[in-house]
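Pasting protein-v7.tsv here (TSV, C-alpha atoms):
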chain	number	residue	atom	x	y	z
A	382	ARG	CA	-17.57	-4.07	13.95
A	383	GLY	CA	-20.00	-4.27	11.04
A	384	ASN	CA	-20.44	-0.48	10.92
A	385	SER	CA	-18.12	1.39	8.52
A	386	ASN	CA	-18.52	4.74	10.31
A	387	THR	CA	-17.71	3.19	13.67
A	388	GLN	CA	-14.70	1.37	12.20
A	389	GLU	CA	-13.43	4.59	10.61
A	390	ARG	CA	-13.69	6.50	13.90
A	391	PHE	CA	-11.94	3.64	15.68
A	392	ASP	CA	-9.08	3.70	13.11
A	393	GLN	CA	-8.72	7.47	13.55
A	394	LEU	CA	-8.59	7.06	17.33
A	395	VAL	CA	-5.93	4.36	17.14
A	396	GLU	CA	-3.89	6.54	14.75
A	397	PHE	CA	-4.10	9.46	17.18
A	398	LEU	CA	-3.09	7.32	20.14
A	399	CYS	CA	-0.21	5.68	18.27
A	400	VAL	CA	1.24	8.94	17.03
A	401	PHE	CA	0.60	11.46	19.78
A	402	ALA	CA	-0.18	9.33	22.82
A	403	PRO	CA	1.56	5.92	22.55
A	404	GLU	CA	-0.24	3.06	24.21
A	405	ASP	CA	1.34	0.82	26.75
A	406	ILE	CA	1.27	-2.52	24.90
A	407	ASP	CA	2.28	-5.93	26.22
A	408	ASP	CA	4.79	-8.31	24.63
A	409	GLN	CA	2.02	-9.79	22.49
A	410	TRP	CA	1.04	-6.32	21.23
A	411	ASN	CA	-2.20	-6.32	23.21
A	412	TYR	CA	-3.44	-2.90	24.34
A	413	LYS	CA	-3.09	-2.18	28.07
A	414	SER	CA	-3.32	1.56	28.57
A	415	SER	CA	-2.61	4.93	26.93
A	416	SER	CA	-0.66	8.06	27.84
A	417	SER	CA	-1.73	11.69	27.61
A	418	GLY	CA	-1.41	13.46	24.25
A	419	TRP	CA	1.32	16.00	23.46
A	420	SER	CA	1.76	18.59	20.75
A	421	ALA	CA	3.86	17.32	17.86
A	422	THR	CA	6.11	20.38	18.25
A	423	SER	CA	6.63	19.97	22.01
A	424	SER	CA	9.79	18.45	23.48
A	425	GLU	CA	7.83	15.23	24.12
A	426	GLY	CA	6.61	15.23	20.50
A	427	LEU	CA	10.16	15.70	19.19
A	428	ASN	CA	11.34	12.82	21.39
A	429	LEU	CA	8.59	10.68	19.87
A	430	GLU	CA	9.83	11.62	16.39
A	431	ARG	CA	13.21	10.12	17.26
A	432	ASP	CA	11.65	7.05	18.93
A	433	PHE	CA	9.39	6.29	15.96
A	434	SER	CA	11.69	7.66	13.19
A	435	GLN	CA	8.76	9.69	11.84
A	436	ASP	CA	8.43	13.36	10.85
A	437	LEU	CA	5.32	13.84	13.02
A	438	ASN	CA	5.18	17.65	12.84
A	439	GLU	CA	5.99	17.71	9.09
A	440	ASP	CA	8.95	20.12	9.39
A	441	LYS	CA	11.15	17.98	7.09
A	442	ALA	CA	13.31	16.86	10.02
A	443	ILE	CA	13.17	14.20	12.72
A	444	GLY	CA	13.83	15.61	16.18
A	445	ASP	CA	14.58	19.19	17.14
A	446	ALA	CA	18.20	19.46	15.99
A	447	VAL	CA	19.52	19.72	12.44
A	448	THR	CA	23.18	19.97	11.46
A	449	SER	CA	24.28	22.06	8.52
A	450	ILE	CA	26.37	20.29	5.89
A	451	GLU	CA	26.67	23.16	3.43
A	452	SER	CA	25.02	26.59	3.37
A	453	VAL	CA	26.92	28.57	0.70
A	454	GLY	CA	24.96	29.51	-2.41
A	455	ASN	CA	21.24	29.34	-3.07
A	456	THR	CA	20.51	26.15	-1.07
A	457	THR	CA	21.23	24.98	2.48
A	458	LEU	CA	21.81	21.25	3.01
A	459	VAL	CA	21.25	19.78	6.50
A	460	HIS	CA	20.73	16.44	8.22
A	461	ASP	CA	18.60	15.71	11.26
A	462	ALA	CA	19.27	13.55	14.32
A	463	LEU	CA	18.76	10.39	12.24
A	464	ASN	CA	20.98	11.63	9.38
A	465	ASN	CA	18.03	12.25	7.04
A	466	LEU	CA	18.94	14.84	4.41
A	467	SER	CA	16.85	17.90	3.64
A	468	VAL	CA	17.36	21.23	1.88
A	469	GLU	CA	16.06	24.74	2.30
A	470	SER	CA	15.82	26.88	-0.82
A	471	ASN	CA	13.95	30.19	-1.07
A	472	SER	CA	12.64	29.62	2.50
A	473	VAL	CA	11.01	26.32	1.44
A	474	LYS	CA	12.12	23.01	2.99
A	475	HIS	CA	12.25	19.72	1.10
A	476	SER	CA	13.25	16.24	2.20
A	477	ILE	CA	15.54	14.49	-0.27
A	478	LEU	CA	13.93	11.27	-1.45
A	479	LEU	CA	15.16	8.21	-3.32
A	480	ASN	CA	12.41	5.87	-4.51
A	481	GLN	CA	10.03	7.67	-2.11
A	482	LYS	CA	12.30	6.98	0.87
A	483	LEU	CA	14.28	9.48	2.92
A	484	VAL	CA	17.92	9.75	1.90
A	485	LYS	CA	20.41	9.55	4.76
A	486	ALA	CA	23.85	11.13	4.79
A	487	ASP	CA	25.38	7.78	5.78
A	488	MET	CA	23.20	5.43	3.73
A	489	PHE	CA	26.03	4.51	1.31
A	490	ALA	CA	29.16	3.12	2.95
A	491	GLY	CA	32.28	5.04	1.92
A	492	TRP	CA	30.36	7.95	0.41
A	493	GLN	CA	30.21	11.55	1.64
A	494	VAL	CA	27.55	14.07	0.66
A	495	LEU	CA	29.20	17.44	0.00
A	496	GLY	CA	26.49	19.90	-0.99
A	497	ALA	CA	23.24	20.73	-2.71
A	498	GLU	CA	22.65	23.54	-5.20
A	499	THR	CA	20.30	24.66	-7.93
A	500	VAL	CA	22.56	25.07	-10.98
A	501	ASN	CA	21.04	26.62	-14.11
A	502	GLY	CA	17.57	25.76	-12.86
A	503	GLU	CA	18.41	22.11	-12.05
A	504	ASN	CA	18.50	20.72	-8.50
A	505	ARG	CA	21.74	18.83	-7.85
A	506	LEU	CA	23.27	16.84	-4.98
A	507	LEU	CA	27.05	16.28	-4.92
A	508	TRP	CA	28.57	13.06	-3.53
A	509	LYS	CA	32.20	11.94	-3.15
A	510	LEU	CA	33.48	8.36	-3.03
A	511	ALA	CA	36.26	8.59	-0.47
A	512	ALA	CA	38.25	5.57	-1.68
A	513	THR	CA	38.79	7.00	-5.19
A	514	ASN	CA	38.23	10.75	-4.57
A	515	ASP	CA	35.68	10.68	-7.40
A	516	LEU	CA	32.65	13.00	-7.54
A	517	TYR	CA	29.12	12.04	-8.57
A	518	LEU	CA	26.07	14.21	-9.22
A	519	TRP	CA	22.48	13.38	-8.44
A	520	ASN	CA	19.90	15.13	-10.60
A	521	LEU	CA	16.66	15.83	-8.71
A	522	ASP	CA	13.22	17.15	-9.63
A	523	ASP	CA	11.66	20.38	-8.33
A	524	GLN	CA	10.59	18.57	-5.13
A	525	TRP	CA	14.12	17.19	-4.60
A	526	ASN	CA	13.22	13.61	-5.55
A	527	TYR	CA	16.01	11.60	-7.19
A	528	LYS	CA	15.80	11.36	-11.01
A	529	SER	CA	19.21	10.23	-12.24
A	530	SER	CA	22.94	10.42	-11.58
A	531	SER	CA	25.90	11.57	-13.63
A	532	SER	CA	29.19	9.72	-14.12
A	533	GLY	CA	32.04	10.16	-11.67
A	534	TRP	CA	34.90	12.58	-12.17
A	535	SER	CA	38.17	12.87	-10.32
A	536	ALA	CA	37.97	15.69	-7.76
A	537	THR	CA	41.21	17.12	-9.20
A	538	SER	CA	40.07	17.05	-12.85
A	539	SER	CA	38.78	20.11	-14.67
A	540	GLU	CA	35.23	18.79	-14.18
A	541	GLY	CA	35.90	18.32	-10.46
A	542	LEU	CA	37.26	21.86	-10.10
A	543	ASN	CA	34.22	23.09	-12.00
A	544	LEU	CA	32.02	21.39	-9.37
A	545	GLU	CA	33.99	23.15	-6.61
A	546	VAL	CA	33.01	26.45	-8.23
A	547	ASN	CA	29.35	25.47	-8.70
A	548	PHE	CA	28.88	24.11	-5.17
A	549	GLN	CA	31.45	26.32	-3.40
A	550	VAL	CA	32.82	23.35	-1.45
A	551	ASP	CA	36.35	21.97	-1.11
A	552	ALA	CA	35.55	18.86	-3.11
A	553	ASN	CA	39.14	17.60	-3.50
A	554	GLY	CA	40.12	18.23	0.14
A	555	ASP	CA	43.12	20.47	-0.59
A	556	GLY	CA	41.99	23.10	1.92
A	557	THR	CA	41.04	25.74	-0.67
A	558	LEU	CA	38.20	26.54	-3.06
A	559	TYR	CA	39.32	26.58	-6.66
A	560	GLU	CA	39.08	30.00	-8.25
A	561	ALA	CA	40.88	31.16	-11.34
A	562	ASN	CA	39.80	34.63	-12.39
A	563	ASN	CA	41.13	35.75	-15.77
A	564	ALA	CA	41.13	39.05	-17.63
A	565	ILE	CA	41.73	38.29	-21.32
A	566	MET	CA	41.87	40.92	-24.06
A	567	GLY	CA	41.67	40.04	-27.75
A	568	ASP	CA	43.38	41.90	-30.58
A	569	ALA	CA	42.51	42.95	-34.14
A	570	ASP	CA	42.39	39.32	-35.30
A	571	ALA	CA	39.52	36.85	-34.93
A	572	ASN	CA	40.11	35.44	-31.43
A	573	THR	CA	38.76	32.52	-29.43
A	574	LEU	CA	38.89	33.46	-25.74
A	575	ASP	CA	38.06	30.82	-23.10
A	576	GLY	CA	37.95	31.92	-19.46
A	577	GLY	CA	37.65	28.41	-18.04
A	578	ILE	CA	36.78	28.18	-14.34
A	579	GLY	CA	36.49	31.42	-12.35
A	580	ASN	CA	34.96	34.87	-12.60
A	581	ASP	CA	36.47	36.15	-15.82
A	582	ILE	CA	36.50	39.32	-17.92
A	583	LEU	CA	36.76	38.59	-21.65
A	584	ASN	CA	37.05	41.37	-24.23
A	585	GLY	CA	37.16	40.31	-27.87
A	586	GLY	CA	38.40	43.64	-29.21
A	587	ALA	CA	38.12	44.08	-32.98
A	588	SER	CA	37.06	41.44	-35.56
A	589	ASN	CA	34.67	38.48	-35.25
A	590	ASP	CA	35.48	36.68	-32.01
A	591	ILE	CA	34.33	33.65	-30.01
A	592	LEU	CA	34.08	34.27	-26.27
A	593	ILE	CA	33.47	31.42	-23.79
A	594	GLY	CA	33.11	32.37	-20.14
A	595	GLY	CA	33.15	28.86	-18.66
A	596	ALA	CA	32.17	28.19	-15.04
A	597	GLY	CA	31.86	31.31	-12.88
A	598	ASP	CA	30.28	34.75	-12.99
A	599	ASP	CA	31.79	36.18	-16.15
A	600	LEU	CA	31.79	39.52	-17.98
A	601	LEU	CA	31.82	39.10	-21.79
A	602	ILE	CA	32.47	42.08	-24.06
A	603	GLY	CA	32.33	41.26	-27.76
A	604	GLY	CA	33.63	44.61	-28.94
A	605	ALA	CA	33.71	45.42	-32.65
A	606	GLY	CA	32.73	42.71	-35.11
A	607	ASP	CA	30.11	39.98	-35.19
A	608	ASP	CA	30.88	37.89	-32.11
A	609	ALA	CA	29.63	34.60	-30.64
A	610	LEU	CA	29.22	34.79	-26.84
A	611	THR	CA	28.78	31.82	-24.49
A	612	GLY	CA	28.57	32.57	-20.78
A	613	GLY	CA	28.61	29.00	-19.45
A	614	VAL	CA	27.62	28.08	-15.89
A	615	GLY	CA	27.19	31.03	-13.54
A	616	LYS	CA	25.68	34.51	-13.44
A	617	ASP	CA	27.10	36.12	-16.56
A	618	GLN	CA	26.88	39.62	-17.98
A	619	PHE	CA	27.00	40.24	-21.73
A	620	VAL	CA	28.26	43.78	-22.14
A	621	PHE	CA	27.55	46.14	-25.05
A	622	ASP	CA	29.27	49.51	-24.77
A	623	SER	CA	28.42	51.20	-28.06
A	624	LEU	CA	25.91	51.28	-30.93
A	625	THR	CA	28.54	50.18	-33.46
A	626	GLY	CA	29.63	46.85	-32.00
A	627	GLY	CA	28.40	44.60	-34.80
A	628	VAL	CA	25.76	41.85	-34.67
A	629	ASP	CA	26.56	39.47	-31.82
A	630	THR	CA	25.03	36.07	-31.03
A	631	ILE	CA	24.46	34.84	-27.47
A	632	THR	CA	24.26	31.04	-27.31
A	633	ASP	CA	23.09	30.36	-23.76
A	634	PHE	CA	21.32	33.33	-22.17
A	635	LEU	CA	19.41	32.25	-19.02
A	636	VAL	CA	16.60	34.56	-17.91
A	637	GLY	CA	16.70	35.23	-14.17
A	638	THR	CA	20.41	34.42	-13.97
A	639	ASP	CA	22.27	36.22	-16.76
A	640	LYS	CA	22.13	39.93	-17.62
A	641	LEU	CA	22.52	42.11	-20.67
A	642	ALA	CA	24.59	45.12	-19.66
A	643	VAL	CA	24.62	48.24	-21.84
A	644	SER	CA	26.52	51.50	-21.49
A	645	ALA	CA	24.45	54.56	-20.60
A	646	ILE	CA	26.97	56.79	-22.36
A	647	GLY	CA	27.53	54.49	-25.34
A	648	PHE	CA	23.81	53.96	-26.03
A	649	GLY	CA	22.27	57.27	-24.92
A	650	GLY	CA	18.50	57.50	-25.14
A	651	GLY	CA	18.19	58.87	-21.60
A	652	LEU	CA	19.20	55.59	-19.95
A	653	ALA	CA	19.83	55.77	-16.20
A	654	ALA	CA	23.18	54.23	-15.24
A	655	ASN	CA	23.65	51.52	-12.60
A	656	ALA	CA	20.08	50.20	-12.68
A	657	GLU	CA	17.84	47.75	-14.47
A	658	ILE	CA	15.61	49.27	-17.14
A	659	THR	CA	11.93	49.83	-16.44
A	660	GLU	CA	9.09	47.80	-17.92
A	661	ALA	CA	8.02	50.88	-19.90
A	662	GLN	CA	11.37	50.87	-21.73
A	663	PHE	CA	10.99	47.30	-23.01
A	664	ALA	CA	8.85	46.05	-25.90
A	665	LEU	CA	8.16	42.67	-27.45
A	666	GLY	CA	7.72	42.90	-31.20
A	667	THR	CA	9.45	44.27	-34.25
A	668	ALA	CA	9.61	47.98	-33.36
A	669	ALA	CA	8.99	50.56	-30.63
A	670	MET	CA	5.32	51.31	-30.02
A	671	THR	CA	5.66	54.23	-27.58
A	672	SER	CA	8.16	57.03	-27.13
A	673	SER	CA	9.39	55.33	-23.93
A	674	HIS	CA	10.43	52.10	-25.62
A	675	ARG	CA	14.19	51.66	-25.93
A	676	PHE	CA	14.83	47.92	-26.09
A	677	ILE	CA	12.85	45.79	-28.57
A	678	TYR	CA	12.96	42.01	-28.71
A	679	ASP	CA	11.55	40.17	-31.72
A	680	ALA	CA	11.13	36.62	-30.43
A	681	ALA	CA	10.19	35.23	-33.86
A	682	ARG	CA	13.53	36.25	-35.36
A	683	GLY	CA	15.56	36.15	-32.15
A	684	ALA	CA	16.59	39.77	-32.80
A	685	PHE	CA	17.23	42.30	-30.04
A	686	SER	CA	17.55	45.98	-30.94
A	687	PHE	CA	17.77	49.47	-29.47
A	688	ASP	CA	15.74	52.59	-30.30
A	689	SER	CA	17.15	55.76	-28.73
A	690	ASP	CA	13.92	57.80	-28.93
A	691	GLY	CA	11.08	55.29	-29.47
A	692	SER	CA	10.46	56.65	-32.95
A	693	ASP	CA	9.97	53.24	-34.59
A	694	GLY	CA	13.37	53.52	-36.23
A	695	CYS	CA	15.93	51.18	-34.61
A	696	ASP	CA	19.46	52.49	-34.26
A	697	LEU	CA	21.08	49.06	-33.97
A	698	HIS	CA	20.45	45.30	-34.12
A	699	PRO	CA	23.30	44.21	-31.83
A	700	ILE	CA	22.23	40.79	-30.58
A	701	HIS	CA	20.72	37.57	-31.90
A	702	TRP	CA	19.42	34.63	-29.90
A	703	LYS	CA	16.14	32.74	-29.72
A	704	LYS	CA	15.52	32.70	-25.98
A	705	PRO	CA	12.86	34.37	-23.82
A	706	ILE	CA	13.77	37.66	-22.18
A	707	THR	CA	12.17	40.18	-19.81
A	708	PHE	CA	12.97	43.77	-18.96
A	709	CYS	CA	14.51	42.51	-15.68
A	710	SER	CA	17.29	40.91	-17.76
A	711	ILE	CA	18.70	44.26	-18.94
A	712	ARG	CA	20.98	46.38	-16.79
A	713	VAL	CA	22.48	49.77	-17.62
A	714	LEU	CA	26.08	50.43	-16.60
A	715	SER	CA	28.15	53.57	-16.75
A	716	ALA	CA	30.98	53.57	-19.27
A	717	CYS	CA	33.62	53.55	-16.51
A	718	LYS	CA	32.21	50.36	-15.00
A	719	ILE	CA	32.39	48.58	-18.34
A	720	ASP	CA	36.01	49.62	-18.82
A	721	GLN	CA	37.10	48.20	-15.46

Rewrite the structure from the file as structure tokens, please.
Amino acid sequence: RGNSNTQERFDQLVEFLCVFAPEDIDDQWNYKSSSSGWSATSSEGLNLERDFSQDLNEDKAIGDAVTSIESVGNTTLVHDALNNLSVESNSVKHSILLNQKLVKADMFAGWQVLGAETVNGENRLLWKLAATNDLYLWNLDDQWNYKSSSSGWSATSSEGLNLEVNFQVDANGDGTLYEANNAIMGDADANTLDGGIGNDILNGGASNDILIGGAGDDLLIGGAGDDALTGGVGKDQFVFDSLTGGVDTITDFLVGTDKLAVSAIGFGGGLAANAEITEAQFALGTAAMTSSHRFIYDAARGAFSFDSDGSDGCDLHPIHWKKPITFCSIRVLSACKIDQ
């Protein structure tokens, strides 16, 4: 008492004893004795986690056992012995927090947590209200802290089926995962092709078409004409199989998720099929600057073009969109793969 250093050391000692070596305290909370210390990762330490409802070893779980709720996709959702929810994404664990408190799987009566995923760069948690079979989304920050929620949808509605695709869970309880894969071919007229939910192949054919992939991993081929291409949710490929396909516009390209796919035979220029292009083949600017450059992206104009020999004379301006892009976003396919 009266000495700050002594008081600080005393507080540290009490903290150590309370966490790792619990004191034997009487019914008036007076100290009587202490027990030996244990490692926070030992069986005794894990038992203490359950007794004190504290994550003492900071492994994002209380106790030694976690139960998987959903593990399909890019994120694994689990709960520990006390039903506290946590996720593992890219080998990193995060507790799910609401107002700085741990979220439990059973904290809301009548609600079931179905899954967690990162969808188009946003962390999401999917809940179902059992009484109405309605689905609700939590939007979370990059540390998996609650930010907001989205309105409920019937699990059998188009939005609900879309969530089944995104989270790969049987949200409506019908025993199956919804999947509707379409192959739709346009004609010589100006077409609007909408794949809806599923992994679709859309080919606009001739004329100026509108292609909408919808939810799922879609393949969009504009074909001849000036086309508008929207991939939607999922890992989409925008396919260009010749140098005479017109000037197309991509509305929603997502770097790191979507791909531009070009035909090695249709484009030429020494492209190697079935691989991503190299960094040496990609240039930011208005024109090729070396003989190796093939793909040029002008961010100011949102114009993407191809130069078959790096001679500073572009053969084609096939795509327009004002989004960032890297060489990792471009993949070369063989002509036969595009035709499938």

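You can rank A:Ala552, A:Leu478, A:Leu521, A:Ile706 by their closest distance to A:Thr499 using all atoms listed in the file, and at the top of that list sits A:Leu521.
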
Exercise. Tell me which protein, DNA and RNA residues are within 12 Å of A:Ser529, counting all atoms listed in the file, leaving out same-chain ones fewer than 5 positions away, and put them as a list in words.
Key: Leu479, Asn480, Glu503, Asn504, Arg505, Leu506, Tyr517, Leu518, Trp519, Asn520, Leu521 and Asp522 of chain A

Practice problem: May I have the residues within 8 Å of stretch 604-616 of chain A as number ranges by chain, using all atoms listed in the file and disregarding those fewer than 3 positions away in the same chain? | Solution: A: 500-501, 547, 584-599, 601, 619, 621-622, 625-634, 638-640

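Look at A:Ser476: the protein and nucleic acid residues within 10 Å of it, using only C-alpha atoms and passing over chain neighbours fewer than 4 places away, are A:Asp440, A:Lys441, A:Ala442, A:Leu458, A:Val459, A:His460, A:Asn465, A:Leu466, A:Ser467, A:Val468, A:Glu469, A:Lys482, A:Leu483, A:Val484, A:Gln524, A:Trp525, A:Asn526.
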
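A straight line drawn from atom CA of A:Ala681 to atom CA of A:Leu641 is 19.3 Å long.
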
Quiz prompt | Å distance separating atom CA of A:Val550 from atom CA of A:Leu635, one decimal place | solution = 23.8 Å

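Interatomic distance, atom CA of A:Glu451 against atom CA of A:Gly502: 18.8 Å.
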
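Among the candidate residues A:Thr707, A:Ser420, A:Gln618, A:Phe685, the one lying nearest to A:Thr659 is A:Thr707, with distances computed using all atoms listed in the file.
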
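Closest to A:Gly541 among A:Asp568, A:Asp432, A:Asp515, A:Glu660 is A:Asp515, based on only C-alpha atoms.
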
Any chance you could turn stretch 482-495 of chain A into a file with N, CA, C and O atoms, as a tab-separated table (two decimals), in the first residue's frame?
chain	number	residue	atom	x	y	z
A	482	LYS	N	-18.93	-8.56	-27.63
A	482	LYS	CA	-19.19	-9.77	-26.87
A	482	LYS	C	-19.22	-10.97	-27.80
A	482	LYS	O	-19.61	-10.86	-28.96
A	483	LEU	N	-18.79	-12.14	-27.28
A	483	LEU	CA	-18.80	-13.35	-28.07
A	483	LEU	C	-20.22	-13.72	-28.48
A	483	LEU	O	-21.15	-13.64	-27.67
A	484	VAL	N	-20.37	-14.11	-29.74
A	484	VAL	CA	-21.67	-14.54	-30.25
A	484	VAL	C	-21.78	-16.05	-30.06
A	484	VAL	O	-20.88	-16.80	-30.44
A	485	LYS	N	-22.90	-16.49	-29.49
A	485	LYS	CA	-23.13	-17.91	-29.27
A	485	LYS	C	-24.11	-18.44	-30.31
A	485	LYS	O	-25.02	-17.72	-30.77
A	486	ALA	N	-23.96	-19.70	-30.64
A	486	ALA	CA	-24.84	-20.32	-31.63
A	486	ALA	C	-26.29	-20.36	-31.14
A	486	ALA	O	-27.22	-20.34	-31.95
A	487	ASP	N	-26.48	-20.40	-29.82
A	487	ASP	CA	-27.83	-20.51	-29.26
A	487	ASP	C	-28.26	-19.26	-28.52
A	487	ASP	O	-29.14	-19.31	-27.67
A	488	MET	N	-27.67	-18.10	-28.86
A	488	MET	CA	-27.97	-16.90	-28.09
A	488	MET	C	-29.32	-16.29	-28.44
A	488	MET	O	-29.88	-15.51	-27.67
A	489	PHE	N	-29.90	-16.64	-29.61
A	489	PHE	CA	-31.20	-16.13	-30.00
A	489	PHE	C	-32.17	-17.30	-30.09
A	489	PHE	O	-32.02	-18.18	-30.94
A	490	ALA	N	-33.17	-17.32	-29.23
A	490	ALA	CA	-34.13	-18.42	-29.20
A	490	ALA	C	-34.85	-18.54	-30.54
A	490	ALA	O	-35.35	-17.56	-31.08
A	491	GLY	N	-34.90	-19.76	-31.07
A	491	GLY	CA	-35.60	-20.01	-32.33
A	491	GLY	C	-34.80	-19.76	-33.58
A	491	GLY	O	-35.30	-19.95	-34.68
A	492	TRP	N	-33.54	-19.33	-33.41
A	492	TRP	CA	-32.68	-19.05	-34.56
A	492	TRP	C	-31.60	-20.12	-34.69
A	492	TRP	O	-31.10	-20.63	-33.70
A	493	GLN	N	-31.24	-20.41	-35.94
A	493	GLN	CA	-30.16	-21.35	-36.24
A	493	GLN	C	-29.13	-20.68	-37.12
A	493	GLN	O	-29.48	-20.04	-38.12
A	494	VAL	N	-27.85	-20.79	-36.74
A	494	VAL	CA	-26.79	-20.25	-37.59
A	494	VAL	C	-26.40	-21.33	-38.59
A	494	VAL	O	-26.17	-22.49	-38.24
A	495	LEU	N	-26.38	-20.97	-39.88
A	495	LEU	CA	-26.18	-21.95	-40.95
A	495	LEU	C	-24.77	-21.97	-41.51
A	495	LEU	O	-24.26	-23.03	-41.88
